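Notes follow the structure.
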Amino acid sequence: MSDGGSGGGSESDVGTKNTMRGRVDDSRVKLWLLLSANRFVVAAGFAAFVYGAFLFVSVAVAPNLQAELRSADTIETLFSTMLSIIVTGTTLVITINQLVISQENGPLGDQRKRMSDAMDFRTYSSELFEEAPPADPSEFLYRLVDVSHERALAVRRLVAGDADNDEELREQVDEFVDSLEGNAEEVKEELEGARFGDFNVLTAALNFNYSWKIYQVERITQAFGDELGDDEQHAFHQLQTALTMFGPVREHIKTLYFQWALVDLSRYILYAAIPALAVAGSMQAIVGAETFDGVAFGVPHATW
């Protein structure tokens, strides 16, 4: 059971940095680029960098590209290699993606067991929510975080209402519940209006560091077990149950998202491969050094 690292605090901290940004020791720009940025924009940025670098080298380092194209088979060599790479790369990536996705297929017995496990989990969730669990994954996550929040507030009410409890216990419970409450409100705000299939749902799930919260529940109940009454012990157990449920739900949503993303990736690669093959084939068969005569902005057309 892991949250990707508790990162934000030591074992003595009751409250800790909750979001993935707070728990990972990396810059906001790096996390945005790796996780949140539009993949098409990132890909376009890489393509623009490669194009710009090639243009710079052609102008500043090897300005005789025009003569090189006339005297050698540069175009044929370059674009014949591209044809091979496009065909091979597209085939490999799509095949691997399909193999990963095909793991969802299986014989009747496996599908029946999977369905049975899913229904058992929904039954357990019905008892947790005291109503039928939502079918939408993002709404399911929202309800699970909300239940954890409600049960944390119930723990604080019970602990604060017992005059025999130690002051240190009350302070630690207050700090823990305040941390959970702030984290839950932030995650619920991210999930409101989120549509499954978008990375926003997975980002919100990653921002709820449930494993640290489970650890704090276990630590507090063990450290102050002699002071806690039966009702308080039961409330902590109820909170731990809700937090424990979050783990498999999040992993299931991650699995669904990655499968969805692999399908989209295969589709986009195929869409990009067709015009790329047309361009590479045309360049190899038709275009030569004399095709693009003239100069624009001091750079030969062939270089552009």
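Following the order of the structure tokens, first chain is A, next is B, and so on, with residues numbered from 1 inside each chain and ligands from 1 in the order they appear.
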What are the closest atom pairs, with distances in Å to one decimal, for all residues of segment 163-281 of chain A lying within 10 Å of segment 112-125 of chain A? Consider only C-alpha atoms, order rows by chain and residue number, and present the result as a tab-separated table.
```
residue	atom	partner	partner_atom	distance
A:Ala242	CA	A:Ser125	CA	9.3
A:Met245	CA	A:Ser125	CA	8.4
A:Pro248	CA	A:Phe121	CA	9.9
A:Val249	CA	A:Phe121	CA	9.6
```
request  = Pull the helix (DSSP H, G or I) assignments for segment 51-221 of chain A out of DSSP run on the backbone, and list those residues as a VMD selection string.
outcome  = chain A and resid 51 to 61 65 to 71 74 to 104 108 to 129 137 to 161 167 to 191 199 to 206 210 to 221
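From atom CA of Ser27 of chain A back to atom CA of Phe54 of chain A, the distance works out to 29.6 Å.
Nearest residue to Leu191 of chain A, choosing from A:Ala60, A:Leu141, A:Ala276, A:Val177 and counting only C-alpha atoms: A:Leu141.
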Per residue of segment 192-257 of chain A within 10 Å of segment 29-42 of chain A, note the shortest atom pair and the distance in Å to one decimal, counting only C-alpha atoms, and order the rows by chain and increasing residue number, as CSV.
```
residue,atom,partner,partner_atom,distance
A:Phe199,CA,A:Ser36,CA,7.4
A:Asn200,CA,A:Ser36,CA,8.1
A:Thr203,CA,A:Ser36,CA,8.4
```
Using only C-alpha atoms, which residues sit within 12 Å of Pro134 of chain A once same-chain residues fewer than 3 positions away are excluded, as a CSV table (one decimal) with C-alpha atoms, in the first residue's frame?
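Now in out11.csv:
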```csv
chain,number,residue,atom,x,y,z
A,122,ARG,CA,-19.9,-2.9,-4.7
A,123,THR,CA,-21.8,-4.7,-1.9
A,125,SER,CA,-19.2,-0.1,-0.8
A,126,SER,CA,-23.0,0.0,-0.3
A,129,PHE,CA,-21.9,4.6,1.8
A,130,GLU,CA,-25.3,3.4,3.2
A,131,GLU,CA,-26.6,3.7,-0.3
A,137,PRO,CA,-15.4,6.3,-11.1
A,138,SER,CA,-14.9,10.0,-10.4
A,139,GLU,CA,-18.1,10.2,-8.4
A,140,PHE,CA,-17.2,7.0,-6.6
A,141,LEU,CA,-13.9,8.6,-5.5
A,142,TYR,CA,-15.7,11.7,-4.4
A,143,ARG,CA,-18.1,9.7,-2.2
A,144,LEU,CA,-15.2,7.7,-0.7
```
